[in-house]
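What's in work20.pdb: PDB, C-alpha atoms
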```
ATOM      1  CA  MET A   1      72.968 234.090 143.995
ATOM      2  CA  GLY A   2      75.066 236.532 146.012
ATOM      3  CA  LYS A   3      75.581 239.048 143.183
ATOM      4  CA  ILE A   4      72.389 241.117 143.167
ATOM      5  CA  VAL A   5      71.390 243.650 140.506
ATOM      6  CA  VAL A   6      68.277 245.788 140.866
ATOM      7  CA  THR A   7      67.088 247.002 137.464
ATOM      8  CA  THR A   8      64.436 249.357 136.154
ATOM      9  CA  GLY A   9      63.140 249.187 132.613
ATOM     10  CA  GLY A  10      64.037 245.511 132.408
ATOM     11  CA  ASN A  11      61.150 244.699 130.077
ATOM     12  CA  GLY A  12      62.130 247.297 127.449
ATOM     13  CA  THR A  13      64.215 246.663 124.345
ATOM     14  CA  LEU A  14      67.507 247.593 125.990
ATOM     15  CA  GLY A  15      66.462 246.212 129.369
ATOM     16  CA  LYS A  16      65.696 242.724 128.096
ATOM     17  CA  SER A  17      69.142 242.436 126.516
ATOM     18  CA  VAL A  18      70.890 243.715 129.630
ATOM     19  CA  VAL A  19      68.938 241.434 131.971
ATOM     20  CA  LYS A  20      69.622 238.414 129.754
ATOM     21  CA  LYS A  21      73.352 239.197 129.832
ATOM     22  CA  LEU A  22      73.352 239.710 133.610
ATOM     23  CA  ILE A  23      71.694 236.338 134.202
ATOM     24  CA  LYS A  24      74.151 234.668 131.830
ATOM     25  CA  GLU A  25      77.016 236.207 133.835
ATOM     26  CA  GLY A  26      75.681 234.712 137.064
ATOM     27  CA  TYR A  27      73.828 237.661 138.595
ATOM     28  CA  PHE A  28      70.466 237.444 140.347
ATOM     29  CA  VAL A  29      68.243 240.203 138.963
ATOM     30  CA  ILE A  30      65.462 241.962 140.838
ATOM     31  CA  SER A  31      63.613 243.762 138.072
ATOM     32  CA  LEU A  32      61.292 246.668 138.862
ATOM     33  CA  VAL A  33      58.717 246.590 136.069
ATOM     34  CA  HIS A  34      55.469 248.354 135.282
ATOM     35  CA  THR A  35      53.785 245.127 134.141
ATOM     36  CA  LEU A  36      54.707 241.617 135.236
ATOM     37  CA  SER A  37      55.473 239.149 132.436
ATOM     38  CA  ASP A  38      53.850 235.743 132.138
ATOM     39  CA  GLU A  39      57.100 234.090 131.113
ATOM     40  CA  LYS A  40      58.824 231.917 133.723
ATOM     41  CA  LYS A  41      62.474 232.902 134.178
ATOM     42  CA  VAL A  42      65.425 231.662 136.184
ATOM     43  CA  ASN A  43      67.541 233.922 138.420
ATOM     44  CA  ILE A  44      65.211 236.879 138.053
ATOM     45  CA  LEU A  45      62.410 238.167 140.223
ATOM     46  CA  GLU A  46      60.059 240.823 138.899
ATOM     47  CA  VAL A  47      58.558 243.385 141.255
ATOM     48  CA  GLU A  48      55.637 245.397 139.917
ATOM     49  CA  THR A  49      55.807 249.140 140.443
ATOM     50  CA  ASP A  50      54.976 252.527 138.950
ATOM     51  CA  LEU A  51      58.078 254.713 138.725
ATOM     52  CA  SER A  52      55.947 257.841 138.384
ATOM     53  CA  ASP A  53      54.414 257.241 141.841
ATOM     54  CA  ILE A  54      56.675 257.708 144.872
ATOM     55  CA  ASN A  55      54.392 255.647 147.117
ATOM     56  CA  ALA A  56      54.433 252.741 144.658
ATOM     57  CA  ILE A  57      58.230 252.931 144.458
ATOM     58  CA  GLN A  58      58.565 252.891 148.232
ATOM     59  CA  ARG A  59      56.324 249.831 148.533
ATOM     60  CA  SER A  60      58.302 247.979 145.885
ATOM     61  CA  ILE A  61      61.637 248.893 147.484
ATOM     62  CA  GLU A  62      60.421 247.562 150.827
ATOM     63  CA  ARG A  63      59.772 244.259 149.082
ATOM     64  CA  VAL A  64      63.228 244.410 147.476
ATOM     65  CA  LYS A  65      64.800 244.926 150.908
ATOM     66  CA  LEU A  66      62.898 241.931 152.261
ATOM     67  CA  ILE A  67      64.133 239.757 149.388
ATOM     68  CA  ILE A  68      67.722 240.920 149.824
ATOM     69  CA  SER A  69      67.604 240.327 153.586
ATOM     70  CA  LYS A  70      67.222 236.591 152.912
ATOM     71  CA  ILE A  71      70.311 236.418 150.680
ATOM     72  CA  GLU A  72      73.982 236.292 151.583
ATOM     73  CA  ILE A  73      75.064 239.203 149.404
ATOM     74  CA  GLU A  74      78.399 239.374 147.625
ATOM     75  CA  SER A  75      77.687 242.594 145.745
ATOM     76  CA  LEU A  76      74.767 244.955 145.105
ATOM     77  CA  SER A  77      74.213 247.025 141.964
ATOM     78  CA  ILE A  78      71.530 249.190 140.387
ATOM     79  CA  ILE A  79      71.015 249.681 136.650
ATOM     80  CA  HIS A  80      68.432 252.336 135.818
ATOM     81  CA  MET A  81      67.177 251.853 132.244
ATOM     82  CA  ALA A  82      63.569 253.009 132.566
ATOM     83  CA  GLY A  83      62.643 256.048 130.544
ATOM     84  CA  ILE A  84      59.839 257.897 128.823
ATOM     85  CA  TYR A  85      60.520 259.592 125.499
ATOM     86  CA  GLU A  86      57.623 261.779 124.463
ATOM     87  CA  LYS A  87      57.762 265.085 122.642
ATOM     88  CA  GLN A  88      56.069 268.076 124.263
ATOM     89  CA  LYS A  89      55.156 271.028 122.065
ATOM     90  CA  PHE A  90      56.604 274.442 122.934
ATOM     91  CA  PRO A  91      55.246 276.634 124.402
ATOM     92  CA  VAL A  92      53.713 274.331 126.987
ATOM     93  CA  LYS A  93      50.207 274.588 128.366
ATOM     94  CA  ILE A  94      49.340 274.022 132.005
ATOM     95  CA  GLY A  95      47.974 270.568 131.195
ATOM     96  CA  ASP A  96      51.301 269.550 129.622
ATOM     97  CA  MET A  97      53.120 269.829 132.922
ATOM     98  CA  GLN A  98      51.554 266.623 134.241
ATOM     99  CA  LYS A  99      53.396 264.732 131.492
ATOM    100  CA  TRP A 100      56.589 266.651 132.351
ATOM    101  CA  ASN A 101      56.207 265.482 135.934
ATOM    102  CA  GLU A 102      55.781 261.874 134.790
ATOM    103  CA  ILE A 103      58.827 262.053 132.505
ATOM    104  CA  PHE A 104      61.032 263.462 135.263
ATOM    105  CA  TRP A 105      59.814 260.930 137.820
ATOM    106  CA  VAL A 106      60.353 257.902 135.593
ATOM    107  CA  ASN A 107      63.603 259.079 134.000
ATOM    108  CA  THR A 108      65.269 260.787 136.952
ATOM    109  CA  PHE A 109      63.625 261.165 140.357
ATOM    110  CA  SER A 110      62.803 257.459 140.752
ATOM    111  CA  PHE A 111      66.466 256.583 140.271
ATOM    112  CA  TYR A 112      67.633 258.939 143.011
ATOM    113  CA  PHE A 113      64.916 257.754 145.384
ATOM    114  CA  ILE A 114      65.725 254.059 144.782
ATOM    115  CA  VAL A 115      69.428 254.666 145.436
ATOM    116  CA  SER A 116      68.552 256.647 148.570
ATOM    117  CA  GLU A 117      66.394 253.814 149.873
ATOM    118  CA  LEU A 118      69.158 251.239 149.314
ATOM    119  CA  VAL A 119      72.139 253.397 150.308
ATOM    120  CA  ASP A 120      72.518 251.803 153.766
ATOM    121  CA  LEU A 121      72.921 248.409 152.112
ATOM    122  CA  PHE A 122      75.502 249.824 149.715
ATOM    123  CA  LYS A 123      77.490 251.263 152.612
ATOM    124  CA  LEU A 124      77.326 247.935 154.452
ATOM    125  CA  ILE A 125      78.291 245.694 151.530
ATOM    126  CA  ARG A 126      80.859 248.103 150.060
ATOM    127  CA  ARG A 127      80.927 246.372 146.708
ATOM    128  CA  GLY A 128      78.819 247.176 143.689
ATOM    129  CA  ASN A 129      77.904 249.554 140.901
ATOM    130  CA  ILE A 130      75.276 252.179 140.195
ATOM    131  CA  ILE A 131      74.648 252.707 136.484
ATOM    132  CA  ALA A 132      72.252 255.201 134.893
ATOM    133  CA  VAL A 133      71.341 255.048 131.207
ATOM    134  CA  SER A 134      71.185 258.525 129.744
ATOM    135  CA  SER A 135      71.012 259.707 126.117
ATOM    136  CA  ASN A 136      73.345 261.320 123.611
ATOM    137  CA  LEU A 137      70.585 263.892 123.105
ATOM    138  CA  THR A 138      71.866 265.681 126.222
ATOM    139  CA  LYS A 139      74.804 266.781 124.037
ATOM    140  CA  LEU A 140      72.606 267.677 121.044
ATOM    141  CA  VAL A 141      69.426 269.599 120.290
ATOM    142  CA  ASN A 142      66.090 268.313 119.088
ATOM    143  CA  ASN A 143      62.669 269.833 118.558
ATOM    144  CA  ASP A 144      60.114 269.547 121.371
ATOM    145  CA  THR A 145      62.189 267.226 123.588
ATOM    146  CA  ALA A 146      63.002 269.632 126.423
ATOM    147  CA  ALA A 147      61.329 267.394 129.022
ATOM    148  CA  TYR A 148      63.211 264.259 127.965
ATOM    149  CA  ILE A 149      66.567 265.987 127.499
ATOM    150  CA  GLY A 150      66.160 267.933 130.733
ATOM    151  CA  ALA A 151      65.354 264.768 132.685
ATOM    152  CA  LYS A 152      68.318 262.878 131.214
ATOM    153  CA  ALA A 153      70.705 265.792 131.794
ATOM    154  CA  ALA A 154      69.577 265.932 135.416
ATOM    155  CA  LEU A 155      70.087 262.167 135.662
ATOM    156  CA  GLU A 156      73.700 262.586 134.558
ATOM    157  CA  LYS A 157      74.442 265.286 137.135
ATOM    158  CA  ILE A 158      72.768 263.271 139.897
ATOM    159  CA  THR A 159      74.911 260.249 139.015
ATOM    160  CA  VAL A 160      78.070 262.363 139.212
ATOM    161  CA  GLN A 161      76.952 263.599 142.631
ATOM    162  CA  LEU A 162      76.328 260.019 143.783
ATOM    163  CA  ALA A 163      79.811 259.035 142.599
ATOM    164  CA  TYR A 164      81.256 261.782 144.773
ATOM    165  CA  GLN A 165      79.232 260.767 147.832
ATOM    166  CA  LEU A 166      79.538 256.981 147.526
ATOM    167  CA  GLY A 167      83.119 256.626 146.294
ATOM    168  CA  GLU A 168      84.445 256.173 149.817
ATOM    169  CA  TYR A 169      82.233 253.084 150.159
ATOM    170  CA  ASN A 170      83.786 251.430 147.095
ATOM    171  CA  ILE A 171      80.659 252.002 144.995
ATOM    172  CA  CYS A 172      81.335 252.846 141.356
ATOM    173  CA  CYS A 173      78.782 255.154 139.687
ATOM    174  CA  ASN A 174      78.659 255.506 135.908
ATOM    175  CA  ILE A 175      76.510 256.949 133.137
ATOM    176  CA  ILE A 176      75.970 255.180 129.816
ATOM    177  CA  CYS A 177      74.739 257.010 126.697
ATOM    178  CA  PRO A 178      74.030 254.221 124.208
ATOM    179  CA  GLY A 179      72.970 256.413 121.302
ATOM    180  CA  PHE A 180      70.245 255.372 118.889
ATOM    181  CA  PHE A 181      68.935 251.813 118.690
ATOM    182  CA  PHE A 182      65.637 250.417 117.427
ATOM    183  CA  SER A 183      63.001 250.179 120.130
ATOM    184  CA  ALA A 184      59.369 251.047 120.836
ATOM    185  CA  MET A 185      60.524 254.672 121.075
ATOM    186  CA  SER A 186      61.462 254.645 117.373
ATOM    187  CA  ASN A 187      58.105 253.346 116.127
ATOM    188  CA  ASN A 188      56.793 256.832 115.345
ATOM    189  CA  ILE A 189      59.943 258.112 113.634
ATOM    190  CA  PRO A 190      59.494 258.491 109.835
ATOM    191  CA  LEU A 191      61.517 256.031 107.730
ATOM    192  CA  LYS A 192      63.422 258.848 106.012
ATOM    193  CA  VAL A 193      64.530 260.200 109.396
ATOM    194  CA  LEU A 194      65.513 256.706 110.585
ATOM    195  CA  GLU A 195      67.735 256.276 107.531
ATOM    196  CA  GLU A 196      69.530 259.537 108.311
ATOM    197  CA  ILE A 197      69.997 258.477 111.940
ATOM    198  CA  LYS A 198      71.434 255.121 110.859
ATOM    199  CA  LYS A 199      74.042 256.892 108.720
ATOM    200  CA  ASN A 200      75.370 258.620 111.835
ATOM    201  CA  THR A 201      75.313 255.528 114.077
ATOM    202  CA  THR A 202      78.573 253.627 114.482
ATOM    203  CA  ALA A 203      76.936 250.289 115.376
ATOM    204  CA  LYS A 204      75.609 248.720 112.161
ATOM    205  CA  SER A 205      72.950 246.004 112.331
ATOM    206  CA  GLY A 206      74.152 242.698 110.985
ATOM    207  CA  GLU A 207      77.815 243.732 110.736
TER
END
```
Show me, as C-alpha coordinates, the structure contained in the file I just sent.
Amino acid sequence: MGKIVVTTGGNGTLGKSVVKKLIKEGYFVISLVHTLSDEKKVNILEVETDLSDINAIQRSIERVKLIISKIEIESLSIIHMAGIYEKQKFPVKIGDMQKWNEIFWVNTFSFYFIVSELVDLFKLIRRGNIIAVSSNLTKLVNNDTAAYIGAKAALEKITVQLAYQLGEYNICCNIICPGFFFSAMSNNIPLKVLEEIKKNTTAKSGE
(Lines of atoms letter the chains of each structure in order from A and count residues from 1; the text may use other names and numbers.)
(Lines give C-alpha, C1' and ligand atoms only; values in the text may rest on other atoms or scores of the structure.)
Protein backbone atom coordinates (compact mmCIF):
# COMPACT_ATOMS: atom_id res chain seq x y z
CA MET A 1 0.00 0.00 0.00
CA GLY A 2 3.06 2.24 -0.27
CA LYS A 3 2.20 3.67 -3.71
CA ILE A 4 -0.31 6.44 -2.97
CA VAL A 5 -2.35 8.34 -5.57
CA VAL A 6 -4.59 11.25 -4.59
CA THR A 7 -7.30 11.78 -7.20
CA THR A 8 -10.03 14.32 -7.87
CA GLY A 9 -13.03 13.56 -10.03
CA GLY A 10 -12.70 9.86 -9.26
CA ASN A 11 -16.45 9.26 -9.47
CA GLY A 12 -16.81 10.70 -12.99
CA THR A 13 -16.77 8.72 -16.23
CA LEU A 14 -13.04 9.14 -16.81
CA GLY A 15 -12.23 9.05 -13.10
CA LYS A 16 -13.86 5.68 -12.48
CA SER A 17 -11.84 4.07 -15.27
CA VAL A 18 -8.59 5.62 -14.07
CA VAL A 19 -9.18 4.66 -10.43
CA LYS A 20 -10.06 1.09 -11.42
CA LYS A 21 -6.81 0.84 -13.41
CA LEU A 22 -4.75 2.32 -10.57
CA ILE A 23 -6.12 -0.20 -8.07
CA LYS A 24 -5.47 -3.04 -10.52
CA GLU A 25 -1.85 -1.84 -10.83
CA GLY A 26 -1.38 -2.00 -7.06
CA TYR A 27 -1.86 1.63 -6.05
CA PHE A 28 -3.76 2.80 -2.97
CA VAL A 29 -6.13 5.58 -4.05
CA ILE A 30 -7.30 8.45 -1.88
CA SER A 31 -10.18 9.87 -3.88
CA LEU A 32 -11.45 13.39 -3.22
CA VAL A 33 -15.12 13.26 -4.22
CA HIS A 34 -18.11 15.55 -3.96
CA THR A 35 -20.42 12.71 -2.89
CA LEU A 36 -19.37 9.50 -1.16
CA SER A 37 -20.44 6.27 -2.86
CA ASP A 38 -22.26 3.47 -1.08
CA GLU A 39 -20.23 0.79 -2.83
CA LYS A 40 -17.57 -0.98 -0.75
CA LYS A 41 -14.18 -0.92 -2.47
CA VAL A 42 -10.73 -2.32 -1.80
CA ASN A 43 -7.56 -0.20 -1.84
CA ILE A 44 -9.45 3.07 -2.12
CA LEU A 45 -10.53 5.59 0.46
CA GLU A 46 -12.98 8.32 -0.46
CA VAL A 47 -12.76 11.72 1.19
CA GLU A 48 -15.75 14.01 0.76
CA THR A 49 -15.00 17.57 -0.28
CA ASP A 50 -16.20 20.53 -2.33
CA LEU A 51 -13.52 21.66 -4.77
CA SER A 52 -15.22 25.04 -5.19
CA ASP A 53 -14.71 25.81 -1.48
CA ILE A 54 -11.14 26.45 -0.29
CA ASN A 55 -12.04 25.76 3.35
CA ALA A 56 -13.58 22.40 2.42
CA ILE A 57 -10.48 21.51 0.40
CA GLN A 58 -8.18 22.39 3.28
CA ARG A 59 -10.17 20.23 5.71
CA SER A 60 -10.09 17.28 3.33
CA ILE A 61 -6.35 17.67 2.70
CA GLU A 62 -5.70 17.65 6.44
CA ARG A 63 -7.47 14.30 6.57
CA VAL A 64 -5.41 13.09 3.59
CA LYS A 65 -2.21 14.06 5.41
CA LEU A 66 -3.34 12.16 8.49
CA ILE A 67 -4.04 9.05 6.41
CA ILE A 68 -0.69 9.28 4.63
CA SER A 69 1.18 9.77 7.92
CA LYS A 70 0.17 6.24 8.94
CA ILE A 71 1.55 4.65 5.75
CA GLU A 72 5.11 3.80 4.79
CA ILE A 73 5.11 5.62 1.46
CA GLU A 74 6.97 4.41 -1.60
CA SER A 75 5.65 7.08 -3.95
CA LEU A 76 3.06 9.87 -3.96
CA SER A 77 1.09 11.10 -6.97
CA ILE A 78 -1.81 13.40 -7.76
CA ILE A 79 -4.21 12.99 -10.70
CA HIS A 80 -6.59 15.92 -11.12
CA MET A 81 -9.60 14.85 -13.21
CA ALA A 82 -12.35 16.97 -11.67
CA GLY A 83 -13.95 19.49 -13.98
CA ILE A 84 -17.06 21.49 -14.71
CA TYR A 85 -18.12 21.99 -18.32
CA GLU A 86 -20.92 24.51 -18.58
CA LYS A 87 -21.49 27.05 -21.32
CA GLN A 88 -21.78 30.70 -20.33
CA LYS A 89 -23.46 33.09 -22.74
CA PHE A 90 -21.48 36.10 -23.98
CA PRO A 91 -21.64 38.88 -22.97
CA VAL A 92 -21.75 37.85 -19.33
CA LYS A 93 -23.93 39.39 -16.67
CA ILE A 94 -22.76 40.08 -13.13
CA GLY A 95 -24.65 37.03 -11.87
CA ASP A 96 -22.78 34.77 -14.32
CA MET A 97 -19.46 35.43 -12.64
CA GLN A 98 -20.36 33.23 -9.67
CA LYS A 99 -20.45 30.25 -12.04
CA TRP A 100 -17.14 31.41 -13.57
CA ASN A 101 -15.64 31.38 -10.09
CA GLU A 102 -16.93 27.85 -9.48
CA ILE A 103 -15.58 26.59 -12.81
CA PHE A 104 -12.12 28.05 -12.16
CA TRP A 105 -12.00 26.71 -8.61
CA VAL A 106 -13.01 23.17 -9.53
CA ASN A 107 -11.03 22.96 -12.77
CA THR A 108 -7.90 24.89 -11.82
CA PHE A 109 -7.42 26.59 -8.46
CA SER A 110 -8.22 23.48 -6.39
CA PHE A 111 -5.48 21.56 -8.19
CA TYR A 112 -2.83 24.17 -7.41
CA PHE A 113 -3.94 24.43 -3.79
CA ILE A 114 -3.91 20.63 -3.29
CA VAL A 115 -0.40 20.38 -4.74
CA SER A 116 0.72 23.29 -2.55
CA GLU A 117 -0.64 21.59 0.56
CA LEU A 118 1.15 18.32 -0.25
CA VAL A 119 4.38 19.78 -1.65
CA ASP A 120 6.41 19.13 1.53
CA LEU A 121 5.56 15.44 1.26
CA PHE A 122 6.57 15.42 -2.40
CA LYS A 123 9.92 16.99 -1.55
CA LEU A 124 10.48 14.45 1.23
CA ILE A 125 9.52 11.34 -0.75
CA ARG A 126 11.11 12.49 -4.02
CA ARG A 127 9.22 9.97 -6.10
CA GLY A 128 5.90 10.47 -7.82
CA ASN A 129 3.85 12.17 -10.50
CA ILE A 130 1.49 15.11 -10.79
CA ILE A 131 -0.98 14.78 -13.66
CA ALA A 132 -3.62 17.30 -14.72
CA VAL A 133 -6.37 16.42 -17.18
CA SER A 134 -6.98 19.29 -19.56
CA SER A 135 -8.97 19.46 -22.82
CA ASN A 136 -8.21 19.66 -26.52
CA LEU A 137 -10.57 22.64 -26.57
CA THR A 138 -7.67 24.79 -25.34
CA LYS A 139 -6.28 24.44 -28.88
CA LEU A 140 -9.65 25.05 -30.57
CA VAL A 141 -12.55 27.48 -30.38
CA ASN A 142 -16.11 26.86 -29.29
CA ASN A 143 -19.13 29.04 -28.66
CA ASP A 144 -19.80 30.21 -25.09
CA THR A 145 -17.07 28.10 -23.44
CA ALA A 146 -14.66 30.87 -22.44
CA ALA A 147 -14.87 29.94 -18.75
CA TYR A 148 -14.13 26.25 -19.33
CA ILE A 149 -11.41 26.83 -21.92
CA GLY A 150 -9.85 29.60 -19.86
CA ALA A 151 -9.76 27.41 -16.75
CA LYS A 152 -8.22 24.48 -18.63
CA ALA A 153 -5.65 26.69 -20.36
CA ALA A 154 -4.65 28.09 -16.98
CA LEU A 155 -4.42 24.53 -15.64
CA GLU A 156 -1.94 23.66 -18.39
CA LYS A 157 0.30 26.65 -17.66
CA ILE A 158 0.20 25.97 -13.92
CA THR A 159 1.26 22.37 -14.53
CA VAL A 160 4.21 23.53 -16.64
CA GLN A 161 5.21 25.89 -13.83
CA LEU A 162 4.98 23.05 -11.29
CA ALA A 163 7.19 20.89 -13.52
CA TYR A 164 9.81 23.63 -13.47
CA GLN A 165 9.66 24.05 -9.69
CA LEU A 166 9.42 20.38 -8.69
CA GLY A 167 11.74 18.77 -11.24
CA GLU A 168 14.70 18.93 -8.88
CA TYR A 169 12.75 16.76 -6.42
CA ASN A 170 12.27 13.99 -9.00
CA ILE A 171 8.57 14.80 -9.42
CA CYS A 172 7.26 14.42 -12.96
CA CYS A 173 4.43 16.79 -13.94
CA ASN A 174 2.33 16.14 -17.04
CA ILE A 175 -0.83 17.31 -18.78
CA ILE A 176 -3.22 14.93 -20.53
CA CYS A 177 -5.76 16.12 -23.12
CA PRO A 178 -7.94 13.06 -23.76
CA GLY A 179 -10.19 14.60 -26.39
CA PHE A 180 -13.86 13.71 -26.65
CA PHE A 181 -15.38 10.72 -24.88
CA PHE A 182 -18.95 9.97 -23.83
CA SER A 183 -19.74 11.18 -20.33
CA ALA A 184 -22.34 13.14 -18.37
CA MET A 185 -20.92 16.25 -20.05
CA SER A 186 -22.12 14.98 -23.45
CA ASN A 187 -25.72 14.34 -22.39
CA ASN A 188 -26.93 17.71 -23.68
CA ILE A 189 -25.09 17.60 -27.01
CA PRO A 190 -27.47 17.05 -29.98
CA LEU A 191 -27.11 13.67 -31.71
CA LYS A 192 -26.18 15.31 -35.03
CA VAL A 193 -23.32 17.17 -33.33
CA LEU A 194 -22.17 13.99 -31.56
CA GLU A 195 -21.97 12.18 -34.90
CA GLU A 196 -19.76 14.93 -36.32
CA ILE A 197 -17.52 14.80 -33.25
CA LYS A 198 -17.19 11.02 -33.56
CA LYS A 199 -15.98 11.39 -37.15
CA ASN A 200 -13.05 13.47 -35.92
CA THR A 201 -12.17 11.22 -32.96
CA THR A 202 -9.38 8.69 -33.47
CA ALA A 203 -10.57 6.28 -30.76
CA LYS A 204 -13.54 4.32 -32.13
CA SER A 205 -15.92 2.57 -29.74
CA GLY A 206 -15.92 -1.18 -30.17
CA GLU A 207 -12.89 -1.26 -32.48
Exercise for the section: Would you kindly translate the PyMOL selection byres ((chain A and resi 122-139) around 9) into the concrete residues it picks from this file, as a VMD selection string? Expected result: chain A and resid 3 to 5 73 to 83 107 111 115 118 to 121 140 to 142 148 to 150 152 to 153 155 to 156 159 162 to 163 166 168 to 180
Axis-aligned box for all listed atoms of segment 144-147 of chain A, 8 Å per side, centre and edges in Å to one decimal, as AutoDock Vina command-line options:
```
--center_x 61.6 --center_y 268.4 --center_z 125.2 --size_x 18.9 --size_y 18.4 --size_z 23.7
```
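Ranking A:Lys21, A:Ser31, A:Ser37, A:Glu86 by their shortest atom-to-atom distance to Ser60 of chain A, with all atoms listed in the file included, puts A:Ser31 first.
Distance annotation: of A:Leu51, A:Val64, A:Ala146, A:Val42, the residue with the minimal separation from Lys24 of chain A is A:Val42; atom set is only C-alpha atoms.
Ranking A:Phe104, A:Val47, A:Ile61, A:Val33 by their shortest atom-to-atom distance to Ser116 of chain A, with only C-alpha atoms included, puts A:Ile61 first.
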Exercise for the section: Fewer than 4 positions away in the same chain doesn't count, so skip those; otherwise give me all residues within 7 Å of Glu102 of chain A, counting all atoms listed in the file, as number ranges by chain. Expected result: A: 52, 98, 106
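Between Asn55 of chain A and the residues A:Phe113, A:Gly167, A:Ala154, A:Lys70, the shortest atom-to-atom distance, using only C-alpha atoms, involves A:Phe113.
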Pick out the residues sitting within 7 Å of Asp144 of chain A, and hand them over as a PDB file with C-alpha atoms, in the coordinates of the input; count all atoms listed in the file, and ignore anything fewer than 6 positions along from it in its own chain.
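So result19.pdb came out as:
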```
ATOM      1  CA  LYS A  87      57.762 265.085 122.642  1.00  0.00           C
ATOM      2  CA  GLN A  88      56.069 268.076 124.263  1.00  0.00           C
ATOM      3  CA  LYS A  89      55.156 271.028 122.065  1.00  0.00           C
ATOM      4  CA  PHE A  90      56.604 274.442 122.934  1.00  0.00           C
TER       5      PHE A  90
END
```
Practice task
Between atom CA of Gly9 of chain A and atom CA of Leu32 of chain A, measure the distance and give it in Å to one decimal.
Solution key: 7.0 Å
